[in-house]
Structures are given as structure tokens and as C-alpha cells.
$ cat structure_4.pdb   # PDB, C-alpha atoms
ATOM      1  CA  MET A   1     198.024  99.549  76.449
ATOM      2  CA  ALA A   2     194.557 100.955  76.189
ATOM      3  CA  SER A   3     194.175 104.583  75.549
ATOM      4  CA  THR A   4     192.709 106.784  78.219
ATOM      5  CA  ASN A   5     190.295 108.247  75.691
ATOM      6  CA  ASP A   6     188.797 104.934  74.650
ATOM      7  CA  PRO A   7     185.401 105.665  73.072
ATOM      8  CA  PHE A   8     184.057 102.277  74.257
ATOM      9  CA  GLU A   9     184.726 103.037  77.880
ATOM     10  CA  PHE A  10     181.698 102.487  80.131
ATOM     11  CA  ARG A  11     180.716 105.880  81.534
ATOM     12  CA  GLU A  12     177.405 105.213  83.283
ATOM     13  CA  PHE A  13     178.693 106.209  86.649
ATOM     14  CA  GLU A  14     180.091 109.453  85.375
ATOM     15  CA  GLU A  15     176.740 110.347  83.838
ATOM     16  CA  ALA A  16     174.996 109.445  87.072
ATOM     17  CA  ASP A  17     177.413 111.643  89.001
ATOM     18  CA  ASN A  18     176.727 114.507  86.640
ATOM     19  CA  LEU A  19     172.953 114.040  87.088
ATOM     20  CA  LEU A  20     173.280 113.958  90.856
ATOM     21  CA  GLU A  21     175.263 117.145  90.797
ATOM     22  CA  ALA A  22     172.640 118.809  88.608
ATOM     23  CA  ASP A  23     169.630 117.606  90.679
ATOM     24  CA  ARG A  24     170.275 116.822  94.306
ATOM     25  CA  ASP A  25     166.679 115.595  94.874
ATOM     26  CA  ALA A  26     166.859 112.877  92.225
ATOM     27  CA  VAL A  27     166.486 109.237  93.282
ATOM     28  CA  THR A  28     168.967 106.574  92.231
ATOM     29  CA  ILE A  29     168.382 102.827  92.013
ATOM     30  CA  SER A  30     171.064 100.306  92.675
ATOM     31  CA  ILE A  31     170.890  96.992  90.842
ATOM     32  CA  GLU A  32     172.293  95.180  93.841
ATOM     33  CA  ASP A  33     169.482  96.396  96.123
ATOM     34  CA  GLU A  34     166.645  94.444  94.526
ATOM     35  CA  GLY A  35     164.424  94.445  97.568
ATOM     36  CA  ILE A  36     164.332  98.226  97.823
ATOM     37  CA  LYS A  37     161.606  99.971  95.830
ATOM     38  CA  PRO A  38     162.140 103.463  94.508
ATOM     39  CA  GLN A  39     160.436 106.295  96.302
ATOM     40  CA  LYS A  40     158.894 108.915  94.088
ATOM     41  CA  GLN A  41     158.929 112.541  94.839
ATOM     42  CA  SER A  42     155.867 113.914  96.459
ATOM     43  CA  SER A  43     153.971 116.711  94.866
ATOM     44  CA  ASN A  44     153.928 120.229  96.141
ATOM     45  CA  THR A  45     150.790 119.530  98.122
ATOM     46  CA  GLY A  46     152.514 116.787 100.079
ATOM     47  CA  PHE A  47     150.099 114.050  98.827
ATOM     48  CA  ASN A  48     151.483 110.851  97.393
ATOM     49  CA  VAL A  49     149.312 110.057  94.366
ATOM     50  CA  ASP A  50     150.249 106.426  93.839
ATOM     51  CA  GLY A  51     150.223 105.708  97.541
ATOM     52  CA  GLY A  52     146.703 107.115  97.848
ATOM     53  CA  GLU A  53     145.445 105.048  94.948
ATOM     54  CA  ASP A  54     146.926 101.890  96.420
ATOM     55  CA  GLN A  55     145.377 102.685  99.764
ATOM     56  CA  PHE A  56     141.926 103.323  98.262
ATOM     57  CA  SER A  57     142.067 100.236  96.063
ATOM     58  CA  SER A  58     143.020  98.074  99.026
ATOM     59  CA  ASP A  59     140.131  99.506 101.034
ATOM     60  CA  ASP A  60     137.697  98.794  98.197
ATOM     61  CA  LYS A  61     138.960  95.240  97.919
ATOM     62  CA  GLU A  62     138.542  94.691 101.631
ATOM     63  CA  LYS A  63     134.995  96.055 101.554
ATOM     64  CA  LEU A  64     134.098  93.930  98.535
ATOM     65  CA  LEU A  65     135.490  90.779 100.054
ATOM     66  CA  SER A  66     133.835  91.472 103.380
ATOM     67  CA  GLY A  67     130.496  92.094 101.618
ATOM     68  CA  GLN A  68     130.721  88.798  99.780
ATOM     69  CA  LYS A  69     131.502  86.849 102.903
ATOM     70  CA  LYS A  70     129.033  88.645 105.154
ATOM     71  CA  SER A  71     125.675  86.901 105.519
ATOM     72  CA  THR A  72     122.851  88.693 107.298
ATOM     73  CA  PRO A  73     120.671  86.605 109.639
ATOM     74  CA  PHE A  74     117.046  86.075 108.720
ATOM     75  CA  TRP A  75     115.674  88.002 111.713
ATOM     76  CA  THR A  76     117.146  91.315 110.515
ATOM     77  CA  PHE A  77     115.603  93.865 108.151
ATOM     78  CA  GLU A  78     118.618  93.675 105.845
ATOM     79  CA  TYR A  79     117.810  90.055 105.065
ATOM     80  CA  TYR A  80     114.291  90.865 103.834
ATOM     81  CA  GLN A  81     115.246  94.109 102.092
ATOM     82  CA  ARG A  82     116.302  92.325  98.918
ATOM     83  CA  PHE A  83     112.885  90.661  98.641
ATOM     84  CA  PHE A  84     111.259  94.107  98.280
ATOM     85  CA  ASP A  85     113.649  95.251  95.545
ATOM     86  CA  ILE A  86     111.586  94.468  92.450
ATOM     87  CA  GLU A  87     110.415  96.324  89.375
ATOM     88  CA  THR A  88     106.762  97.252  88.928
ATOM     89  CA  HIS A  89     106.371  95.457  85.619
ATOM     90  CA  HIS A  90     107.588  92.215  87.224
ATOM     91  CA  VAL A  91     104.867  92.484  89.867
ATOM     92  CA  LYS A  92     102.310  93.137  87.142
ATOM     93  CA  GLU A  93     103.421  90.080  85.173
ATOM     94  CA  ARG A  94     103.208  87.888  88.248
ATOM     95  CA  ILE A  95      99.729  89.114  89.147
ATOM     96  CA  ILE A  96      98.473  88.473  85.624
ATOM     97  CA  GLY A  97     100.167  85.069  85.609
ATOM     98  CA  SER A  98      98.448  84.112  88.871
ATOM     99  CA  MET A  99      95.035  85.208  87.596
ATOM    100  CA  LEU A 100      95.371  83.550  84.181
ATOM    101  CA  PRO A 101      97.232  80.269  84.661
ATOM    102  CA  TRP A 102      98.127  78.224  81.592
ATOM    103  CA  PRO A 103      98.564  74.461  81.515
ATOM    104  CA  ARG A 104     102.112  73.168  81.908
ATOM    105  CA  LYS A 105     103.336  76.549  83.099
ATOM    106  CA  ASN A 106     105.046  76.462  86.464
ATOM    107  CA  PHE A 107     104.611  79.805  88.206
ATOM    108  CA  ILE A 108     108.005  79.574  89.921
ATOM    109  CA  HIS A 109     109.930  78.660  86.779
ATOM    110  CA  VAL A 110     108.131  81.060  84.421
ATOM    111  CA  TYR A 111     107.604  84.184  86.550
ATOM    112  CA  LEU A 112     109.868  84.011  89.592
ATOM    113  CA  ARG A 113     112.991  82.683  87.833
ATOM    114  CA  GLY A 114     114.941  82.355  91.064
ATOM    115  CA  ASN A 115     114.002  85.871  92.236
ATOM    116  CA  PRO A 116     111.054  85.645  94.663
ATOM    117  CA  ASP A 117     109.706  88.814  96.220
ATOM    118  CA  LEU A 118     107.608  89.750  99.219
ATOM    119  CA  TYR A 119     106.480  93.136  97.927
ATOM    120  CA  GLY A 120     103.666  91.752  95.789
ATOM    121  CA  PRO A 121     102.375  89.156  98.282
ATOM    122  CA  PHE A 122     102.417  91.670 101.148
ATOM    123  CA  TRP A 123     100.349  94.272  99.338
ATOM    124  CA  ILE A 124      98.031  91.678  97.844
ATOM    125  CA  CYS A 125      97.237  90.307 101.310
ATOM    126  CA  THR A 126      96.884  93.806 102.781
ATOM    127  CA  THR A 127      94.554  94.905  99.977
ATOM    128  CA  LEU A 128      92.479  91.751 100.343
ATOM    129  CA  VAL A 129      92.113  92.344 104.097
ATOM    130  CA  PHE A 130      90.783  95.898 103.728
ATOM    131  CA  VAL A 131      88.621  95.078 100.705
ATOM    132  CA  MET A 132      87.045  92.175 102.553
ATOM    133  CA  ALA A 133      86.367  94.222 105.683
ATOM    134  CA  ILE A 134      84.964  97.209 103.756
ATOM    135  CA  THR A 135      82.769  95.192 101.403
ATOM    136  CA  GLY A 136      81.546  93.080 104.326
ATOM    137  CA  ASN A 137      80.312  96.192 106.144
ATOM    138  CA  LEU A 138      78.866  97.592 102.931
ATOM    139  CA  SER A 139      77.029  94.363 102.187
ATOM    140  CA  THR A 140      75.493  94.351 105.655
ATOM    141  CA  PHE A 141      74.329  97.915 105.137
ATOM    142  CA  LEU A 142      72.743  97.111 101.761
ATOM    143  CA  VAL A 143      70.877  94.136 103.166
ATOM    144  CA  ASN A 144      69.455  95.966 106.200
ATOM    145  CA  SER A 145      69.086  99.510 104.847
ATOM    146  CA  TRP A 146      65.393  99.015 103.995
ATOM    147  CA  LYS A 147      64.507  98.218 107.601
ATOM    148  CA  PRO A 148      63.217 101.308 109.438
ATOM    149  CA  GLU A 149      64.611 100.229 112.806
ATOM    150  CA  TYR A 150      68.105  99.500 111.439
ATOM    151  CA  LYS A 151      70.954 101.801 112.459
ATOM    152  CA  TYR A 152      74.275 101.343 110.726
ATOM    153  CA  SER A 153      77.323 100.837 112.931
ATOM    154  CA  PRO A 154      80.668  99.917 111.288
ATOM    155  CA  GLU A 155      82.239  96.693 112.487
ATOM    156  CA  PHE A 156      85.936  97.502 112.757
ATOM    157  CA  GLY A 157      86.614  94.109 114.285
ATOM    158  CA  LYS A 158      86.284  92.574 110.840
ATOM    159  CA  VAL A 159      89.602  94.139 109.840
ATOM    160  CA  SER A 160      91.543  92.302 112.529
ATOM    161  CA  ILE A 161      89.717  89.046 111.852
ATOM    162  CA  ALA A 162      90.346  89.302 108.113
ATOM    163  CA  ALA A 163      94.026  90.143 108.713
ATOM    164  CA  THR A 164      94.445  87.143 111.005
ATOM    165  CA  ALA A 165      92.834  84.778 108.517
ATOM    166  CA  ILE A 166      94.622  86.042 105.388
ATOM    167  CA  PHE A 167      98.119  86.462 106.801
ATOM    168  CA  SER A 168      97.920  83.174 108.701
ATOM    169  CA  TYR A 169      97.016  81.394 105.487
ATOM    170  CA  ALA A 170      99.745  83.193 103.497
ATOM    171  CA  GLY A 171     102.416  82.538 106.136
ATOM    172  CA  LEU A 172     101.688  79.382 108.103
ATOM    173  CA  VAL A 173     100.470  77.213 105.232
ATOM    174  CA  PRO A 174     103.634  77.829 103.145
ATOM    175  CA  LEU A 175     105.736  77.123 106.219
ATOM    176  CA  GLY A 176     104.062  73.766 106.761
ATOM    177  CA  LEU A 177     104.215  72.898 103.074
ATOM    178  CA  TRP A 178     107.903  73.837 102.894
ATOM    179  CA  GLY A 179     108.690  71.607 105.864
ATOM    180  CA  LEU A 180     106.710  68.736 104.342
ATOM    181  CA  LEU A 181     108.436  69.034 100.957
ATOM    182  CA  LEU A 182     111.807  69.285 102.653
ATOM    183  CA  TRP A 183     111.113  66.117 104.615
ATOM    184  CA  ARG A 184     109.987  64.262 101.498
ATOM    185  CA  ASN A 185     113.033  65.511  99.608
ATOM    186  CA  ASN A 186     115.271  63.936 102.230
ATOM    187  CA  LYS A 187     113.409  60.668 101.772
ATOM    188  CA  ILE A 188     113.451  60.727  97.963
ATOM    189  CA  MET A 189     116.440  62.504  96.449
ATOM    190  CA  ASN A 190     114.994  63.067  92.966
ATOM    191  CA  LEU A 191     112.207  65.426  94.054
ATOM    192  CA  VAL A 192     112.126  69.055  92.965
ATOM    193  CA  SER A 193     112.731  71.359  95.911
ATOM    194  CA  TYR A 194     111.495  74.931  96.419
ATOM    195  CA  SER A 195     112.731  77.486  98.899
ATOM    196  CA  PHE A 196     110.504  78.890 101.624
ATOM    197  CA  MET A 197     110.419  82.352 100.016
ATOM    198  CA  GLU A 198     109.362  80.877  96.673
ATOM    199  CA  ILE A 199     106.444  79.058  98.316
ATOM    200  CA  VAL A 200     105.386  82.202 100.203
ATOM    201  CA  CYS A 201     105.560  84.183  96.962
ATOM    202  CA  VAL A 202     103.375  81.673  95.115
ATOM    203  CA  TYR A 203     100.744  81.636  97.869
ATOM    204  CA  GLY A 204     100.703  85.423  98.067
ATOM    205  CA  TYR A 205     100.152  85.911  94.354
ATOM    206  CA  SER A 206      97.546  83.141  94.246
ATOM    207  CA  LEU A 207      95.313  85.299  96.474
ATOM    208  CA  SER A 208      95.169  88.159  93.963
ATOM    209  CA  ILE A 209      92.194  86.614  92.142
ATOM    210  CA  TYR A 210      90.101  86.908  95.324
ATOM    211  CA  ILE A 211      90.243  90.723  95.290
ATOM    212  CA  PRO A 212      87.832  91.180  92.327
ATOM    213  CA  ALA A 213      85.783  88.235  93.602
ATOM    214  CA  VAL A 214      85.311  89.874  97.009
ATOM    215  CA  VAL A 215      84.206  93.099  95.326
ATOM    216  CA  LEU A 216      81.398  91.134  93.645
ATOM    217  CA  TRP A 217      80.373  89.763  97.040
ATOM    218  CA  THR A 218      79.214  93.255  97.965
ATOM    219  CA  PHE A 219      75.971  92.747  96.071
ATOM    220  CA  PRO A 220      73.526  90.587  98.084
ATOM    221  CA  ILE A 221      72.976  88.135  95.229
ATOM    222  CA  GLU A 222      73.778  84.620  96.317
ATOM    223  CA  TRP A 223      74.178  83.035  92.888
ATOM    224  CA  LEU A 224      76.623  85.780  91.883
ATOM    225  CA  ARG A 225      78.636  85.231  95.048
ATOM    226  CA  TRP A 226      78.882  81.486  94.595
ATOM    227  CA  CYS A 227      79.785  81.809  90.915
ATOM    228  CA  SER A 228      82.613  84.190  91.772
ATOM    229  CA  ILE A 229      83.793  81.811  94.503
ATOM    230  CA  VAL A 230      83.889  78.889  92.081
ATOM    231  CA  VAL A 231      85.820  80.881  89.456
ATOM    232  CA  ALA A 232      88.301  82.281  91.994
ATOM    233  CA  LEU A 233      88.838  78.872  93.564
ATOM    234  CA  GLY A 234      89.421  77.253  90.194
ATOM    235  CA  LEU A 235      92.045  79.787  89.129
ATOM    236  CA  SER A 236      93.800  79.957  92.492
ATOM    237  CA  CYS A 237      93.936  76.196  92.962
ATOM    238  CA  SER A 238      95.151  75.751  89.384
ATOM    239  CA  VAL A 239      98.155  77.974  90.053
ATOM    240  CA  LEU A 240      99.025  76.098  93.235
ATOM    241  CA  VAL A 241      98.534  72.602  91.824
ATOM    242  CA  MET A 242     100.513  73.259  88.631
ATOM    243  CA  THR A 243     103.313  74.844  90.648
ATOM    244  CA  PHE A 244     103.719  72.071  93.209
ATOM    245  CA  TRP A 245     102.979  69.183  90.878
ATOM    246  CA  PRO A 246     106.650  68.782  89.807
ATOM    247  CA  ALA A 247     107.662  68.635  93.486
ATOM    248  CA  VAL A 248     105.382  65.683  94.301
ATOM    249  CA  ARG A 249     104.855  63.782  91.041
ATOM    250  CA  ASP A 250     107.793  61.431  91.702
ATOM    251  CA  ASP A 251     106.686  60.736  95.253
ATOM    252  CA  HIS A 252     104.479  57.895  96.431
ATOM    253  CA  PRO A 253     100.981  58.189  94.876
ATOM    254  CA  ARG A 254      99.252  58.358  98.240
ATOM    255  CA  VAL A 255     101.572  61.067  99.488
ATOM    256  CA  MET A 256     101.178  62.997  96.241
ATOM    257  CA  ILE A 257      97.376  62.865  96.431
ATOM    258  CA  ALA A 258      97.409  63.823 100.111
ATOM    259  CA  ILE A 259      99.628  66.886  99.566
ATOM    260  CA  LEU A 260      97.693  68.188  96.569
ATOM    261  CA  SER A 261      94.367  67.526  98.271
ATOM    262  CA  GLY A 262      95.543  69.418 101.340
ATOM    263  CA  ILE A 263      96.581  72.395  99.210
ATOM    264  CA  VAL A 264      93.184  72.524  97.504
ATOM    265  CA  LEU A 265      91.203  71.873 100.691
ATOM    266  CA  LEU A 266      92.867  74.699 102.640
ATOM    267  CA  ASN A 267      92.184  77.083  99.786
ATOM    268  CA  ILE A 268      88.527  76.066  99.713
ATOM    269  CA  LEU A 269      88.214  76.487 103.489
ATOM    270  CA  LEU A 270      89.650  79.992 103.294
ATOM    271  CA  ALA A 271      87.274  81.111 100.545
ATOM    272  CA  ILE A 272      84.102  79.579 101.977
ATOM    273  CA  GLY A 273      85.003  80.618 105.528
ATOM    274  CA  CYS A 274      85.505  84.254 104.552
ATOM    275  CA  LYS A 275      82.303  84.284 102.534
ATOM    276  CA  THR A 276      80.303  82.732 105.367
ATOM    277  CA  TYR A 277      81.642  85.032 108.080
ATOM    278  CA  PHE A 278      81.791  88.381 106.272
ATOM    279  CA  PHE A 279      78.897  87.991 103.837
ATOM    280  CA  SER A 280      76.392  85.732 105.576
ATOM    281  CA  GLU A 281      72.722  86.406 104.996
ATOM    282  CA  PRO A 282      70.804  87.554 108.089
ATOM    283  CA  GLN A 283      68.373  85.006 109.400
ATOM    284  CA  ASN A 284      64.750  86.054 109.045
ATOM    285  CA  THR A 285      62.952  85.121 112.263
ATOM    286  CA  THR A 286      59.135  85.117 112.190
ATOM    287  CA  THR A 287      57.360  85.877 115.463
ATOM    288  CA  VAL A 288      53.764  84.973 116.227
ATOM    289  CA  PRO A 289      51.851  88.152 117.166
ATOM    290  CA  SER A 290      50.201  88.007 120.568
ATOM    291  CA  PRO A 291      46.538  89.065 120.893
ATOM    292  CA  PRO A 292      45.979  92.612 122.103
ATOM    293  CA  ALA A 293      45.221  92.925 125.804
ATOM    294  CA  ASN A 294      42.279  95.313 125.278
ATOM    295  CA  ASN A 295      40.321  92.767 123.239
ATOM    296  CA  VAL A 296      40.767  90.098 125.892
ATOM    297  CA  THR A 297      39.556  92.303 128.707
ATOM    298  CA  SER A 298      36.567  93.465 126.671
ATOM    299  CA  ALA A 299      35.537  89.884 125.954
ATOM    300  CA  ILE A 300      35.698  89.038 129.650
ATOM    301  CA  SER A 301      33.683  92.038 130.673
ATOM    302  CA  LYS A 302      30.875  91.135 128.246
ATOM    303  CA  PRO A 303      29.844  87.536 129.047
ATOM    304  CA  GLY A 304      26.870  87.637 126.695
ATOM    305  CA  VAL A 305      29.058  88.262 123.671
ATOM    306  CA  VAL A 306      30.085  85.023 121.975
TER     307      VAL A 306
END
$ encode --input "structure_4.pdb" --output "C-alpha cells"
Amino acid sequence: MASTNDPFEFREFEEADNLLEADRDAVTISIEDEGIKPQKQSSNTGFNVDGGEDQFSSDDKEKLLSGQKKSTPFWTFEYYQRFFDIETHHVKERIIGSMLPWPRKNFIHVYLRGNPDLYGPFWICTTLVFVMAITGNLSTFLVNSWKPEYKYSPEFGKVSIAATAIFSYAGLVPLGLWGLLLWRNNKIMNLVSYSFMEIVCVYGYSLSIYIPAVVLWTFPIEWLRWCSIVVALGLSCSVLVMTFWPAVRDDHPRVMIAILSGIVLLNILLAIGCKTYFFSEPQNTTTVPSPPANNVTSAISKPGVV
């Protein structure tokens, strides 16, 4: 028979009973109840620490997942907010890159790198509008200031006309080009495709070279104006052609030539149209002086005078 004082006797339950007697608030776990999780004692403040952390972590996960799945529509301000979140040095690099294009350097691949912005194009277009309107009024004043009968009156209507021309070019032309490239990409699958925001960004930065050119148009010197137009057109068209060349080089030759010619032609029309409207030379009209009336009457009154 086994002794009652067997040292190998299993005494777990006796120790548990002793612990329960010592601390009535202690929690016990039964091996048989696997589905029941232990409940920890709450602190003196009545706040469950682990429960709060689990609740906060679950809320953060829900917010993160909802933010990843949520897509803002393009007609809301939240959609365009990310296009204005850009560092100043990036804008500076893109402006310099648009003014000094290098061969075989695609503006989208080198400077945008999948992160187009609207901050730079917006302020470039806005600056160009006000510079063009101000220098146009100043040029008119310089041309006519020597005339004694001239009275200066600012033409504020030039601001609205310049804004319509510049923003229409920077918005509608990229929209049409994006639709055309998208249509050609559906026809030929190997073409390089650009997003609408990338095309708008390229067109906006390509106008930055016209700001110093328009400042030179203030001086009423025609050869200086046309030289600045030629230089600005060459640099701006170079940026556009080198950027969109990879998107059309694998297309049909006629289509490729038509698209690139349209890009260059619209740029030329914008530059020459703005120069002609805002900085046109006044036409000098010569009038034939009429004979004084006193001399005629005196000749009639004296018939003997030949």
C-alpha cells in the first residue's frame, strides 16, 4: 500500500486552494475550458490597459484600411491637393530643366519621375498673365509718351484676355493631346502612354521661358522682340518635342509628323498671337493738310492777284 505521506504525490490542487484562500481576487484557469480567456484585474483607476490598446490598435487598422481603399473623385479639392504638395527645390529643378533642355532627356522621366505637380504650372501661368498684361501697358506708354496729345489710360482688359489665352492653352491643349495619345495607344499597344496630369505639368513648365522673353518685349525694339520670340519658341518646342517623341515614334509616320507638327504649331500661334495683340506697333497715319480758309477767301476777294 502506498504511504499517505508519499513525496511524489501530486499536490497542485492543494497549492491552488491555498492560493485562493490567501487571495480571493485571484483568477484561476482551467485546462478543460480552452475557449475561455483569462480576465486580468483592472487597475485602481478602473481602466483596462490591454483592452484599451487593443481597441486603439483596431481603430487605427480600420482607419488605415479605409484610407487605402478610399478614392477621392477628381472634382473634389482633396484629389488635387496632392498635386500641390511639392518641395521648392523640385520646382526650381523643373523650371531650369524646361528652360535648358538637353538632347535625349525626357522631361517626364528625368524631372517628374512619376510625381507631377500643378503648383509650378499654376504659378507660371499666373505670372505670365500678369507680366504680359503689365508689360503690354508699359510698352504702349513708352511708344506714345512723346506725343503731346497722348493721355495714358491702363487697359485692364488685357489681364482677362491674357488669362484666357494662357490658361486655355495650358489646359485645353493637354486635354486634346492626352485624348489623342490615349486613342493611338488603344490602336497600337506598344506606345508609351502619359497621364493627363503629366501632360499638363509639361505644358505648364514649358511656358516658363516666355516670362523673361515677355519682359524684353517691353522695349519697343522690333528686332529684339523677334529674337526673343525665336529663342523662346526654340527652347519651349524642344522640351515638348523631346518629351512626346517616345510616345509617337512607334506610330505611323504620318500620324507622328501630324502630332508633333500640331504641338509646334500651337506653340508658335500662342507666341506670335500674344506678341501681335499685346505689343503691336501703332499704325502711323499721314493726313494731307487742308488749305487754310483765310487764304482762299483772300484770293477770291482780290481778282487781280494771280
$ atom_distance --input "structure_4.pdb" --atom1 "CA of Val143 (chain A)" --atom2 "CA of Tyr210 (chain A)"
22.0 Å
$ closest_atom_pairs --input "structure_4.pdb" --of "region 156-223 of chain A" --to "region 265-281 of chain A" --cutoff "12 Å" --atoms "only C-alpha atoms" --output "tab-separated table"
residue	atom	partner	partner_atom	distance
A:Phe156	CA	A:Phe278	CA	11.9
A:Gly157	CA	A:Phe278	CA	11.0
A:Lys158	CA	A:Phe278	CA	7.7
A:Val159	CA	A:Phe278	CA	10.3
A:Ile161	CA	A:Cys274	CA	9.7
A:Ala162	CA	A:Cys274	CA	7.8
A:Ala163	CA	A:Cys274	CA	11.2
A:Thr164	CA	A:Cys274	CA	11.4
A:Ala165	CA	A:Leu270	CA	7.8
A:Ile166	CA	A:Leu270	CA	8.1
A:Phe167	CA	A:Leu270	CA	11.2
A:Ser168	CA	A:Leu270	CA	10.4
A:Tyr169	CA	A:Leu270	CA	7.8
A:Ala170	CA	A:Asn267	CA	10.4
A:Leu172	CA	A:Leu266	CA	11.4
A:Val173	CA	A:Leu266	CA	8.4
A:Pro174	CA	A:Leu266	CA	11.2
A:Gly176	CA	A:Leu266	CA	12.0
A:Leu177	CA	A:Leu266	CA	11.5
A:Tyr203	CA	A:Asn267	CA	9.9
A:Ser206	CA	A:Asn267	CA	9.8
A:Leu207	CA	A:Asn267	CA	9.4
A:Ile209	CA	A:Ala271	CA	11.2
A:Tyr210	CA	A:Ala271	CA	8.3
A:Ile211	CA	A:Ala271	CA	11.3
A:Ala213	CA	A:Ala271	CA	10.1
A:Val214	CA	A:Lys275	CA	8.4
A:Val215	CA	A:Phe279	CA	11.3
A:Leu216	CA	A:Phe279	CA	11.0
A:Trp217	CA	A:Phe279	CA	7.2
A:Thr218	CA	A:Phe279	CA	7.9
A:Phe219	CA	A:Phe279	CA	9.6
A:Pro220	CA	A:Glu281	CA	8.1
A:Ile221	CA	A:Glu281	CA	9.9
A:Glu222	CA	A:Glu281	CA	8.9
$ resolve_selection --input "structure_4.pdb" --expression "the PyMOL selection byres ((chain A and resi 99) around 12)" --output "ChimeraX atom specification"
/A:92-98,100-102,107,202,204-213,231-240
$ residues_near_point --input "structure_4.pdb" --point "(109.3, 88.0, 91.0)" --cutoff "6 Å" --atoms "only C-alpha atoms" --output "compact mmCIF listing (two decimals) with C-alpha atoms, keeping the file's coordinate frame"
# COMPACT_ATOMS: atom_id res chain seq x y z
CA HIS A 90 107.59 92.22 87.22
CA LEU A 112 109.87 84.01 89.59
CA ASN A 115 114.00 85.87 92.24
CA PRO A 116 111.05 85.64 94.66
CA ASP A 117 109.71 88.81 96.22
$ atom_distance --input "structure_4.pdb" --atom1 "CA of Arg184 (chain A)" --atom2 "CA of Val200 (chain A)"
18.6 Å
$ atom_distance --input "structure_4.pdb" --atom1 "CA of Ser228 (chain A)" --atom2 "CA of Gly136 (chain A)"
15.4 Å
$ resolve_selection --input "structure_4.pdb" --expression "the PyMOL selection byres ((chain A and resi 251) around 12)" --output "PyMOL selection string"
chain A and resi 181+183-192+244-250+252-260
